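> Input start_14.cif, format and content: mmCIF, C-alpha atoms and all ligand atoms.
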data_my_file
#
loop_
_atom_site.label_atom_id
_atom_site.label_comp_id
_atom_site.auth_asym_id
_atom_site.auth_seq_id
_atom_site.Cartn_x
_atom_site.Cartn_y
_atom_site.Cartn_z
CA MET I 1 0.00 0.00 0.00
CA ARG I 2 1.28 3.51 -0.80
CA PRO I 3 1.71 5.92 2.11
CA PRO I 4 -1.10 8.51 2.31
CA SER I 5 -0.46 11.72 0.38
CA PRO I 6 0.75 14.80 2.32
CA ALA I 7 -2.64 16.42 1.74
CA LEU I 8 -4.54 13.47 3.25
CA ARG I 9 -2.21 13.25 6.24
CA ALA I 10 -2.56 17.00 6.79
CA ALA I 11 -6.34 16.70 6.69
CA ASP I 12 -6.17 14.01 9.41
CA LEU I 13 -3.95 16.16 11.59
CA ASP I 14 -6.31 19.11 11.16
CA ARG I 15 -9.30 16.98 12.17
CA ALA I 16 -7.51 15.96 15.37
CA ASP I 17 -6.40 19.52 16.22
CA PRO I 18 -7.88 20.69 19.57
CA LEU I 19 -7.18 24.34 18.65
CA ALA I 20 -8.87 24.21 15.24
CA ARG I 21 -11.85 26.29 16.38
CA PHE I 22 -9.67 29.39 16.90
CA ARG I 23 -9.07 29.76 13.16
CA ALA I 24 -12.62 31.10 12.80
CA GLU I 25 -11.74 33.91 15.23
CA PHE I 26 -9.38 35.45 12.67
CA PHE I 27 -9.77 37.42 9.47
CA LEU I 28 -7.79 35.31 7.02
CA PRO I 29 -6.82 37.20 3.86
CA PRO I 30 -9.27 35.82 1.25
CA GLY I 31 -7.79 33.24 -1.07
CA GLN I 32 -4.39 33.32 0.59
CA ILE I 33 -2.33 31.13 2.88
CA TYR I 34 -0.93 33.52 5.46
CA LEU I 35 2.42 32.43 6.90
CA ASP I 36 3.72 35.76 8.12
CA GLY I 37 2.29 35.77 11.65
CA ASN I 38 5.82 36.08 13.03
CA SER I 39 6.04 39.52 11.42
CA LEU I 40 2.46 40.75 11.70
CA GLY I 41 -0.18 38.56 13.28
CA LEU I 42 -3.66 38.67 11.77
CA LEU I 43 -6.61 40.62 13.11
CA SER I 44 -9.07 38.62 15.20
CA ARG I 45 -12.73 39.40 15.78
CA ARG I 46 -11.89 39.95 19.46
CA ALA I 47 -9.10 42.44 18.75
CA GLU I 48 -11.36 44.24 16.30
CA ALA I 49 -14.12 44.38 18.93
CA SER I 50 -11.88 45.76 21.69
CA LEU I 51 -10.46 48.40 19.32
CA LEU I 52 -13.92 49.43 18.14
CA ARG I 53 -15.07 49.58 21.76
CA ALA I 54 -12.28 52.03 22.54
CA LEU I 55 -13.28 54.18 19.58
CA ASP I 56 -16.89 54.05 20.68
CA GLU I 57 -15.95 55.05 24.22
CA TRP I 58 -13.93 57.94 22.88
CA ARG I 59 -16.94 58.97 20.77
CA THR I 60 -19.43 58.79 23.61
CA LEU I 61 -17.35 59.55 26.70
CA GLY I 62 -14.66 61.99 25.53
CA ILE I 63 -12.27 62.76 28.37
CA ASN I 64 -14.37 60.69 30.77
CA GLY I 65 -13.16 57.56 29.05
CA TRP I 66 -10.12 57.71 31.34
CA SER I 67 -12.36 56.91 34.29
CA ASP I 68 -15.66 55.63 32.88
CA ALA I 69 -14.69 53.29 30.06
CA THR I 70 -14.76 49.55 30.79
CA PRO I 71 -12.10 49.02 31.91
CA PRO I 72 -11.13 52.65 32.53
CA TRP I 73 -8.38 53.80 30.15
CA LEU I 74 -6.39 54.82 33.24
CA THR I 75 -5.91 51.20 34.27
CA LEU I 76 -6.30 49.36 30.96
CA ALA I 77 -2.55 48.68 30.76
CA ASP I 78 -2.53 47.17 34.28
CA GLY I 79 -5.09 44.52 33.39
CA LEU I 80 -3.17 43.67 30.24
CA ALA I 81 0.06 43.41 32.26
CA ALA I 82 -1.58 40.80 34.47
CA GLN I 83 -2.68 38.79 31.42
CA LEU I 84 0.75 39.02 29.80
CA ALA I 85 2.39 38.03 33.08
CA ALA I 86 0.64 34.68 32.82
CA LEU I 87 2.14 34.10 29.37
CA VAL I 88 5.74 34.73 30.44
CA GLY I 89 5.86 33.38 34.01
CA ALA I 90 6.05 36.75 35.74
CA ALA I 91 4.18 38.55 38.50
CA PRO I 92 1.79 41.24 37.19
CA ASP I 93 3.76 44.04 38.85
CA GLU I 94 6.90 42.97 36.96
CA ILE I 95 5.28 43.82 33.60
CA ALA I 96 4.61 47.19 32.02
CA VAL I 97 2.54 47.28 28.84
CA THR I 98 3.85 50.38 27.13
CA SER I 99 5.73 51.85 24.17
CA SER I 100 7.54 49.78 21.56
CA THR I 101 10.20 47.11 21.83
CA THR I 102 13.02 49.49 20.97
CA THR I 103 11.83 52.26 23.30
CA ASN I 104 11.40 49.72 26.10
CA LEU I 105 14.92 48.46 25.52
CA HIS I 106 16.21 52.05 25.80
CA GLN I 107 14.26 52.46 29.01
CA LEU I 108 15.61 49.22 30.51
CA LEU I 109 19.19 50.11 29.60
CA ALA I 110 18.76 53.59 31.03
CA THR I 111 17.42 52.00 34.22
CA LEU I 112 19.83 49.11 34.66
CA PHE I 113 23.14 49.98 33.00
CA ASP I 114 25.64 51.84 35.18
CA PRO I 115 28.35 53.56 33.12
CA ALA I 116 30.35 54.34 36.26
CA ALA I 117 30.74 50.68 37.28
CA PRO I 118 34.15 49.12 36.66
CA ARG I 119 32.62 46.58 34.26
CA LYS I 120 31.51 48.49 31.18
CA ILE I 121 30.92 45.94 28.42
CA ILE I 122 27.46 45.15 27.06
CA LEU I 123 27.36 41.66 25.61
CA ALA I 124 25.12 41.04 22.61
CA ASP I 125 25.18 38.88 19.49
CA SER I 126 25.83 39.42 15.81
CA LEU I 127 22.47 38.04 14.63
CA ASN I 128 19.94 40.08 16.60
CA PHE I 129 17.48 42.39 14.85
CA ALA I 130 19.20 45.66 13.88
CA SER I 131 17.09 47.88 16.13
CA ASP I 132 18.45 46.19 19.26
CA ALA I 133 22.02 46.84 18.10
CA HIS I 134 21.12 50.48 17.36
CA ALA I 135 19.67 50.87 20.85
CA LEU I 136 22.76 49.37 22.50
CA GLY I 137 25.13 51.50 20.41
CA SER I 138 23.31 54.77 20.95
CA HIS I 139 22.84 54.05 24.63
CA LEU I 140 26.57 53.53 25.11
CA ARG I 141 27.36 56.74 23.20
CA GLN I 142 24.90 58.66 25.30
CA ARG I 143 26.63 57.39 28.42
CA GLY I 144 29.99 58.61 27.07
CA LEU I 145 31.20 55.15 26.03
CA ASP I 146 32.36 54.02 22.61
CA PRO I 147 30.22 51.20 21.16
CA ALA I 148 33.24 49.90 19.22
CA ALA I 149 34.97 49.25 22.53
CA HIS I 150 32.00 48.54 24.81
CA ARG I 151 29.52 46.56 22.73
CA ARG I 152 30.69 42.97 22.27
CA GLU I 153 28.82 40.89 19.72
CA VAL I 154 29.16 37.12 19.94
CA PRO I 155 29.81 35.92 16.38
CA SER I 156 27.88 33.15 14.66
CA ARG I 157 29.90 30.24 13.31
CA ASP I 158 27.51 29.44 10.47
CA GLY I 159 25.92 32.86 9.86
CA ARG I 160 22.56 31.58 11.09
CA THR I 161 22.77 30.27 14.62
CA LEU I 162 24.52 30.96 17.91
CA ARG I 163 26.12 28.52 20.33
CA GLU I 164 25.30 28.94 24.00
CA ASP I 165 28.90 27.89 24.78
CA ASP I 166 30.23 30.78 22.68
CA ILE I 167 27.90 33.22 24.44
CA ILE I 168 28.97 31.97 27.87
CA ALA I 169 32.66 32.05 26.89
CA ALA I 170 32.23 35.74 26.03
CA MET I 171 30.99 36.48 29.59
CA THR I 172 34.31 37.78 30.85
CA PRO I 173 34.70 39.80 34.08
CA ASP I 174 34.47 43.12 32.17
CA VAL I 175 30.87 42.41 31.10
CA GLN I 176 28.19 44.25 33.08
CA LEU I 177 25.04 43.50 31.08
CA ALA I 178 23.93 41.10 28.34
CA LEU I 179 21.07 41.34 25.86
CA LEU I 180 20.07 38.41 23.67
CA PRO I 181 17.10 37.42 21.51
CA ALA I 182 15.20 34.40 22.84
CA VAL I 183 14.41 33.38 19.26
CA LEU I 184 16.61 34.59 16.41
CA TYR I 185 14.46 36.43 13.90
CA VAL I 186 16.00 34.91 10.76
CA SER I 187 16.84 31.28 11.56
CA GLY I 188 14.20 30.81 14.25
CA GLN I 189 16.76 29.35 16.68
CA LEU I 190 15.50 29.27 20.28
CA LEU I 191 18.29 29.90 22.77
CA ASP I 192 18.42 28.17 26.14
CA VAL I 193 17.18 31.12 28.19
CA GLY I 194 17.53 29.32 31.55
CA ARG I 195 21.05 28.05 31.00
CA VAL I 196 22.44 31.31 29.59
CA THR I 197 20.73 33.33 32.34
CA ARG I 198 22.22 31.12 35.07
CA ALA I 199 25.67 31.40 33.47
CA ALA I 200 25.35 35.20 33.39
CA HIS I 201 24.34 35.37 37.03
CA ALA I 202 27.18 33.07 38.08
CA ARG I 203 29.47 35.73 36.56
CA GLY I 204 27.73 38.75 38.08
CA ILE I 205 26.14 39.85 34.79
CA VAL I 206 22.68 41.38 34.48
CA ILE I 207 20.88 39.70 31.57
CA GLY I 208 17.87 40.62 29.47
CA TRP I 209 16.05 38.97 26.58
CA ASP I 210 14.29 40.38 23.56
CA CYS I 211 11.31 38.07 23.25
CA SER I 212 9.63 39.68 20.22
CA HIS I 213 9.88 36.41 18.29
CA SER I 214 8.92 34.12 21.14
CA VAL I 215 6.15 35.64 23.27
CA GLY I 216 2.87 34.02 22.32
CA ALA I 217 4.59 31.14 20.50
CA VAL I 218 7.11 29.74 22.97
CA PRO I 219 6.45 29.36 26.71
CA HIS I 220 8.63 31.50 28.96
CA ASP I 221 9.13 31.36 32.71
CA PHE I 222 11.04 34.50 33.56
CA GLY I 223 10.54 33.97 37.29
CA ARG I 224 11.90 30.41 37.28
CA ASP I 225 14.80 31.40 35.03
CA GLY I 226 15.59 34.51 37.09
CA VAL I 227 15.78 36.73 34.00
CA ASP I 228 16.61 40.34 34.94
CA PHE I 229 14.64 42.08 32.20
CA ALA I 230 12.91 41.48 28.90
CA CYS I 231 11.07 43.38 26.19
CA TRP I 232 8.85 42.34 23.29
CA CYS I 233 6.31 43.57 20.80
CA SER I 234 2.69 42.50 20.58
CA TYR I 235 2.14 42.69 16.82
CA LYS I 236 3.84 39.38 15.96
CA TYR I 237 2.51 36.19 17.59
CA LEU I 238 0.27 38.17 19.97
CA ASN I 239 -1.79 39.52 17.05
CA ALA I 240 -2.49 42.99 18.51
CA GLY I 241 -2.02 44.87 15.24
CA PRO I 242 0.57 46.95 13.35
CA GLY I 243 2.64 49.00 15.78
CA ALA I 244 0.59 47.79 18.77
CA THR I 245 1.86 48.71 22.22
CA GLY I 246 4.73 46.48 23.39
CA ALA I 247 5.73 45.38 26.87
CA LEU I 248 8.65 45.04 29.23
CA TYR I 249 9.54 42.84 32.17
CA LEU I 250 11.61 43.98 35.14
CA ASN I 251 12.50 41.37 37.76
CA ARG I 252 11.42 42.54 41.23
CA ARG I 253 15.02 42.38 42.45
CA HIS I 254 15.50 45.62 40.47
CA PHE I 255 12.44 47.47 41.77
CA ALA I 256 14.59 49.82 43.86
CA ARG I 257 16.17 51.29 40.71
CA ALA I 258 14.89 54.71 39.68
CA PRO I 259 13.48 54.74 36.12
CA GLY I 260 16.20 55.83 33.70
CA LEU I 261 13.71 57.68 31.52
CA ALA I 262 11.14 59.27 33.77
CA GLY I 263 7.73 60.63 32.85
CA TRP I 264 4.46 61.36 34.57
CA TRP I 265 2.89 58.00 33.69
CA GLY I 266 5.58 56.30 35.78
CA VAL I 267 4.58 58.28 38.88
CA ARG I 268 2.62 56.54 41.68
CA LYS I 269 -1.01 56.47 40.58
CA ASP I 270 -2.26 58.32 43.65
CA ARG I 271 0.28 61.11 43.05
CA ARG I 272 0.23 61.28 39.24
CA PHE I 273 -2.35 64.02 39.05
CA ALA I 274 -0.67 66.02 41.79
CA LEU I 275 1.73 66.94 38.98
CA ALA I 276 4.63 67.58 41.33
CA HIS I 277 7.97 68.15 39.63
CA GLU I 278 9.55 65.67 42.03
CA HIS I 279 9.20 62.20 40.43
CA GLU I 280 7.68 59.70 42.87
CA PRO I 281 8.02 56.40 41.01
CA ALA I 282 5.18 53.87 41.01
CA ALA I 283 5.96 50.52 42.60
CA GLY I 284 7.46 47.90 40.29
CA ALA I 285 7.68 47.85 36.52
CA GLU I 286 4.90 50.43 36.32
CA ALA I 287 7.53 53.07 37.13
CA LEU I 288 9.01 52.49 33.66
CA HIS I 289 5.97 53.90 31.90
CA ILE I 290 6.87 57.27 30.41
CA GLY I 291 3.89 59.11 28.91
CA THR I 292 0.17 58.73 28.27
CA PRO I 293 -0.67 55.21 27.02
CA HIS I 294 -1.30 54.93 23.28
CA LEU I 295 -4.86 53.87 23.90
CA LEU I 296 -5.77 52.97 20.34
CA SER I 297 -2.66 50.78 19.99
CA LEU I 298 -3.37 49.22 23.36
CA ALA I 299 -7.06 48.45 22.90
CA PRO I 300 -6.65 45.60 20.34
CA LEU I 301 -4.30 43.77 22.72
CA GLN I 302 -7.22 43.31 25.08
CA GLY I 303 -9.19 41.21 22.60
CA ALA I 304 -6.05 39.51 21.32
CA LEU I 305 -5.14 38.29 24.81
CA GLU I 306 -8.63 36.94 25.53
CA ILE I 307 -7.94 34.34 22.86
CA PHE I 308 -4.72 33.23 24.55
CA ALA I 309 -6.56 32.81 27.84
CA GLU I 310 -9.28 30.73 26.17
CA ALA I 311 -6.73 28.58 24.40
CA GLY I 312 -5.27 27.69 27.81
CA GLY I 313 -2.08 29.73 27.56
CA VAL I 314 1.01 29.17 25.46
CA ALA I 315 1.61 25.47 26.22
CA PRO I 316 -1.08 24.05 23.89
CA LEU I 317 -0.13 26.60 21.23
CA ARG I 318 3.49 25.52 21.47
CA ALA I 319 2.52 21.86 21.10
CA LYS I 320 0.60 22.60 17.91
CA SER I 321 3.29 24.95 16.62
CA LEU I 322 5.93 22.23 16.99
CA ALA I 323 3.67 19.76 15.19
CA LEU I 324 3.08 22.27 12.36
CA THR I 325 6.76 23.13 11.90
CA SER I 326 7.75 19.48 12.10
CA CYS I 327 5.19 18.58 9.40
CA PHE I 328 6.51 21.48 7.30
CA MET I 329 10.15 20.39 7.67
CA GLU I 330 9.34 16.81 6.80
CA LEU I 331 7.56 17.91 3.63
CA ILE I 332 10.44 20.22 2.69
CA ASP I 333 12.84 17.28 3.10
CA THR I 334 10.79 14.84 1.07
CA GLU I 335 9.30 17.10 -1.60
CA LEU I 336 11.69 20.01 -2.09
CA ALA I 337 15.23 18.87 -1.29
CA GLU I 338 15.72 17.78 -4.90
CA PHE I 339 15.18 21.41 -5.98
CA GLY I 340 17.91 22.72 -3.68
CA CYS I 341 15.76 23.64 -0.65
CA SER I 342 17.01 22.99 2.86
CA VAL I 343 15.85 23.66 6.39
CA ALA I 344 18.01 26.34 8.04
CA ASN I 345 16.44 26.40 11.51
CA PRO I 346 17.53 23.99 14.23
CA ARG I 347 15.28 20.93 14.16
CA GLU I 348 15.28 19.98 17.84
CA PRO I 349 12.10 21.26 19.54
CA GLU I 350 14.09 22.73 22.44
CA ARG I 351 16.14 24.79 19.97
CA SER I 352 13.45 26.00 17.59
CA GLY I 353 10.96 28.85 17.70
CA GLY I 354 7.71 29.31 15.78
CA HIS I 355 8.86 29.52 12.17
CA VAL I 356 10.61 27.41 9.58
CA ALA I 357 13.56 29.00 7.79
CA LEU I 358 13.74 27.56 4.30
CA ALA I 359 17.07 28.21 2.59
CA HIS I 360 17.51 28.36 -1.18
CA PRO I 361 20.00 30.36 -3.29
CA ASP I 362 17.06 31.83 -5.26
CA ALA I 363 14.98 32.60 -2.14
CA TRP I 364 14.10 36.13 -3.22
CA ARG I 365 12.49 35.08 -6.51
CA LEU I 366 10.85 32.08 -4.87
CA ALA I 367 9.24 34.36 -2.29
CA GLN I 368 7.86 36.54 -5.11
CA ALA I 369 6.53 33.47 -6.92
CA LEU I 370 4.96 32.15 -3.72
CA LYS I 371 3.13 35.45 -3.20
CA ALA I 372 1.89 35.31 -6.79
CA ALA I 373 0.67 31.78 -6.01
CA GLY I 374 -1.31 33.02 -2.99
CA VAL I 375 1.08 32.18 -0.15
CA ILE I 376 2.37 34.97 2.09
CA PRO I 377 5.83 34.18 3.48
CA ASP I 378 8.63 36.65 4.00
CA PHE I 379 12.16 36.90 2.75
CA ARG I 380 15.26 37.66 4.79
CA PRO I 381 18.55 38.20 3.02
CA PRO I 382 20.54 36.57 1.72
CA ASP I 383 18.73 33.28 1.12
CA ILE I 384 15.97 32.64 3.66
CA ILE I 385 12.21 32.34 3.24
CA ARG I 386 10.51 32.44 6.62
CA LEU I 387 7.36 30.33 6.90
CA ALA I 388 5.46 30.79 10.15
CA PRO I 389 2.51 28.44 10.58
CA THR I 390 0.92 29.97 13.68
CA ALA I 391 -0.98 27.73 16.04
CA LEU I 392 -4.05 29.95 16.37
CA TYR I 393 -4.97 30.26 12.72
CA ASN I 394 -2.88 28.05 10.45
CA THR I 395 -3.56 24.45 9.53
CA PHE I 396 -1.52 21.42 8.58
CA ALA I 397 -3.22 21.74 5.20
CA ASP I 398 -1.66 25.21 4.88
CA CYS I 399 1.78 23.63 5.25
CA ALA I 400 1.08 20.83 2.77
CA GLU I 401 -0.48 23.19 0.25
CA THR I 402 2.45 25.62 0.52
CA VAL I 403 4.92 22.84 -0.19
CA ALA I 404 2.77 21.65 -3.12
CA ARG I 405 2.67 25.16 -4.58
CA LEU I 406 6.40 25.60 -4.10
CA LYS I 407 7.00 22.29 -5.87
CA GLN I 408 4.80 23.46 -8.73
CA ILE I 409 6.81 26.68 -8.93
CA PHE I 410 10.01 24.66 -9.32
CA LEU I 411 8.49 22.31 -11.87
CA THR I 412 7.17 25.18 -14.04
CA ARG I 413 10.14 27.43 -13.22
CA ALA I 414 7.57 30.14 -12.39
CA HIS I 415 10.06 32.01 -10.17
CA GLU I 416 12.40 32.62 -13.10
CA LYS I 417 9.94 35.22 -14.46
CA PHE I 418 10.67 37.50 -11.50
CA PRO I 419 13.61 39.93 -11.56
CA ALA I 420 16.58 39.01 -9.42
CA ARG I 421 16.84 41.00 -6.21
CA ARG I 422 20.07 42.61 -7.37
CA ALA I 423 18.21 44.42 -10.13
CA LEU I 424 15.84 46.01 -7.62
CA VAL I 425 18.60 47.31 -5.38
CA THR I 426 20.67 49.17 -8.01
C1 LIG T 501 10.21 42.79 15.88
C2 LIG T 501 11.45 43.09 16.65
C3 LIG T 501 11.75 44.39 17.05
C4 LIG T 501 10.85 45.53 16.65
O1 LIG T 501 11.06 46.64 17.43
P1 LIG T 501 9.97 47.82 17.41
O2 LIG T 501 10.52 48.80 18.34
O3 LIG T 501 8.67 47.22 17.80
O4 LIG T 501 9.92 48.31 15.99
C5 LIG T 501 12.90 44.61 17.79
N1 LIG T 501 13.71 43.58 18.11
C6 LIG T 501 13.45 42.31 17.74
C7 LIG T 501 14.39 41.21 18.14
C8 LIG T 501 12.32 42.03 16.99
O5 LIG T 501 12.06 40.78 16.60
#
Translate the structure of the given file into structure tokens.

Amino acid sequence: MRPPSPALRAADLDRADPLARFRAEFFLPPGQIYLDGNSLGLLSRRAEASLLRALDEWRTLGINGWSDATPPWLTLADGLAAQLAALVGAAPDEIAVTSSTTTNLHQLLATLFDPAAPRKIILADSLNFASDAHALGSHLRQRGLDPAAHRREVPSRDGRTLREDDIIAAMTPDVQLALLPAVLYVSGQLLDVGRVTRAAHARGIVIGWDCSHSVGAVPHDFGRDGVDFACWCSYKYLNAGPGATGALYLNRRHFARAPGLAGWWGVRKDRRFALAHEHEPAAGAEALHIGTPHLLSLAPLQGALEIFAEAGGVAPLRAKSLALTSCFMELIDTELAEFGCSVANPREPERSGGHVALAHPDAWRLAQALKAAGVIPDFRPPDIIRLAPTALYNTFADCAETVARLKQIFLTRAHEKFPARRALVT
């Protein structure tokens, strides 16, 4: 007997999927297979409803929305912090839902990095998203330190992944603080947050994690791991919309630190409207708020997080995500290897995040051809197509169909119609 076709197997897996009902909560782009949820998660009916509610409250309540909306705009971010805390293994008062990833990173550096301490090196890596490197560099300059001398980037041996041993070896006694991505945005490698954090602490180093590519897809337990700080966005796997308000985590052992970047929204709630020029910081991570919350970028997060609560948190989502990516990788191996495709992300579940990184020398043109064929992936130079089957709204059939369409592209050489990337850059 022949083994069942990928499409039939995928259909079986979809029938057995306990999270299948959540797909109907989302607005799927008509006629397309959306695999870019690691860059911009899709709109859900819940997120739409909470955003429209905020608009409605603004329309009907005006200024009174701060106190009379449900929940009042004044405390909306606090409720969301409590919900996010459950997703990352933190206490609610260790989370602030505010600003963007990059701004939050600046705030955390301004709060935790001491330029006068004898140890002055900030340890980072060579593969992190550019904005994190910009924040580290400009922060050091602002503190009178030269990034060329004080920012140390752990190199990658293969251009795609990092070795925890290399990171730990770079933790010399001149390092004060380390910042690393939990999941690398190109290859999807998941670092061992617990092990690297323990190694940092054993060497007296304060360590933080950018979790933009992991929150909502990979379970975290910041409390168990003893992480010092973290930041992340909510428009990727959390599905709160383009430019939605991000969040930060500050371990309670640092609560005595004064906020590096102070503003009136970080003042104790009962003193905020006293408007004294003396800054009386709120207790906990709340002190790291700066200005008025961006209400309309915060409101969709409310609906978006309801779905995570109903799904039972990140654990079931992670289980499905691993099954989806494993199905995807198997199909790439069996159906596409002969056309020069390979899997560039680590395959072990404990080392992989939420997306598959497919490598091919002609990745740019293949990504264009995939879009023309109704599949939305994204391309990262030089040769990676990222395919993120998200647990809340993608199916095993999406993975099988994507591989089938990619195979068809190779067989008909459809990608060769598209201009090479070089031509677009000149
Ligand atoms: C998505 C992402 C960002 C984005 O930062 P913004 O300030 O939200 O634009 C930053 N760092 C990493 C690692 C990311 O994945």
> Return as a count of residues only the residues of protein, DNA or RNA that approach ligand LIG 501 (chain T) to within 9 Å, with all atoms listed in the file taken into account.
37
> Would you kindly return, as a PyMOL selection string, each protein, DNA or RNA residue with an atom no farther than 7 Å from any atom of segment 250-266 of chain I, considering all atoms listed in the file and excluding same-chain residues fewer than 2 positions away?
chain I and resi 94-95+107+110-111+227-230+248+268+272+281-282+284-292
> Could you tell me how far atom CA of Gly89 of chain I sits from atom CA of Gly223 of chain I, in Å to one decimal place?
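The value is 5.7 Å.
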> Determine the nearest neighbour of Ala420 of chain I from the options I:Ala391, I:Ala169, I:Ala359, I:Ala369, counting all atoms listed in the file.
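Distance minimum relative to Ala420 of chain I lands on I:Ala369.
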> Could you state the separation of atom CA of Tyr34 of chain I and atom CA of Ile376 of chain I in Å, given to one decimal place?
4.9 Å
> Would you mind listing what lies within 12 Å of Leu51 of chain I as JSON, numbers by chain, with all atoms listed in the file counted and same-chain residues fewer than 3 positions away left out?
{"I": [43, 44, 45, 46, 47, 48, 54, 55, 56, 57, 58, 240, 241, 244, 294, 295, 296, 297, 298, 299, 300, 301, 302, 303, 304]}
> Any chance you could export the current selection's C-alpha atoms as a compact mmCIF listing (two decimals), in the frame of the given file?

# COMPACT_ATOMS: atom_id res chain seq x y z
CA LEU I 43 -6.61 40.62 13.11
CA SER I 44 -9.07 38.62 15.20
CA ARG I 45 -12.73 39.40 15.78
CA ARG I 46 -11.89 39.95 19.46
CA ALA I 47 -9.10 42.44 18.75
CA GLU I 48 -11.36 44.24 16.30
CA ALA I 54 -12.28 52.03 22.54
CA LEU I 55 -13.28 54.18 19.58
CA ASP I 56 -16.89 54.05 20.68
CA GLU I 57 -15.95 55.05 24.22
CA TRP I 58 -13.93 57.94 22.88
CA ALA I 240 -2.49 42.99 18.51
CA GLY I 241 -2.02 44.87 15.24
CA ALA I 244 0.59 47.79 18.77
CA HIS I 294 -1.30 54.93 23.28
CA LEU I 295 -4.86 53.87 23.90
CA LEU I 296 -5.77 52.97 20.34
CA SER I 297 -2.66 50.78 19.99
CA LEU I 298 -3.37 49.22 23.36
CA ALA I 299 -7.06 48.45 22.90
CA PRO I 300 -6.65 45.60 20.34
CA LEU I 301 -4.30 43.77 22.72
CA GLN I 302 -7.22 43.31 25.08
CA GLY I 303 -9.19 41.21 22.60
CA ALA I 304 -6.05 39.51 21.32
> Measure the distance from atom CA of Val343 of chain I to atom CA of Leu358 of chain I in Å and round it to one decimal.
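Taking atom CA of Val343 of chain I as the start and atom CA of Leu358 of chain I as the end point, the length is 4.9 Å.
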> Kindly indicate which residue among I:Ala170, I:Val97, I:Ala276, I:Ile207 lies nearest to Leu84 of chain I, using all atoms listed in the file for the distances.
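Of the candidates, the smallest distance to Leu84 of chain I is held by I:Val97.
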> Report as a PyMOL selection string all protein, DNA and RNA residues lying within 7 Å of Ser126 of chain I, evaluated on all atoms listed in the file, omitting residues in the same chain fewer than 6 positions from it.
chain I and resi 153-156
> Between I:Val314, I:Leu109, I:Leu35, I:Ala372, which residue has the minimum interatomic distance to Ala414 of chain I, considering all atoms listed in the file?
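Of I:Val314, I:Leu109, I:Leu35, I:Ala372, the one nearest Ala414 of chain I, counting all atoms listed in the file, is I:Ala372.
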> Mind checking which residues fall within 12 Å of Ala148 of chain I, counting all atoms listed in the file, ignoring those fewer than 3 positions away in the same chain, and posting them as a list in words?
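Residues near the query, excluding close chain neighbours: Ile121, Ile122, Leu123, Ala133, Leu136, Gly137, Ser138, Leu140, Arg141, Leu145, Arg151, Arg152 and Glu153 of chain I.
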> Could you tell me which of I:Thr70, I:Ser352, I:Gln142, I:Asn345 comes closest to Arg318 of chain I if we count only C-alpha atoms?
I:Ser352
> From the set I:Ile167, I:Cys327, I:Val175, I:Ala363, which residue has the shortest atom-to-atom contact distance to His150 of chain I, counting only C-alpha atoms?
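Closest to His150 of chain I of all the choices is I:Val175.
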> Which is closest to Gly188 of chain I among I:Glu330, I:Asp146, I:Arg351, I:Pro29, if we use all atoms listed in the file?
I:Arg351
> Quick one: residues within 12 Å of Gly312 of chain I, all atoms listed in the file, excluding same-chain residues fewer than 3 positions away - as a list of chain:residue names?
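Residues near the query, excluding close chain neighbours: I:Pro18, I:Leu19, I:Phe22, I:Gln83, I:Ala86, I:Leu87, I:Gly216, I:Pro219, I:Leu305, I:Glu306, I:Ile307, I:Phe308, I:Ala309, I:Ala315, I:Pro316, I:Leu317, I:Arg318, I:Ala319, I:Leu392.
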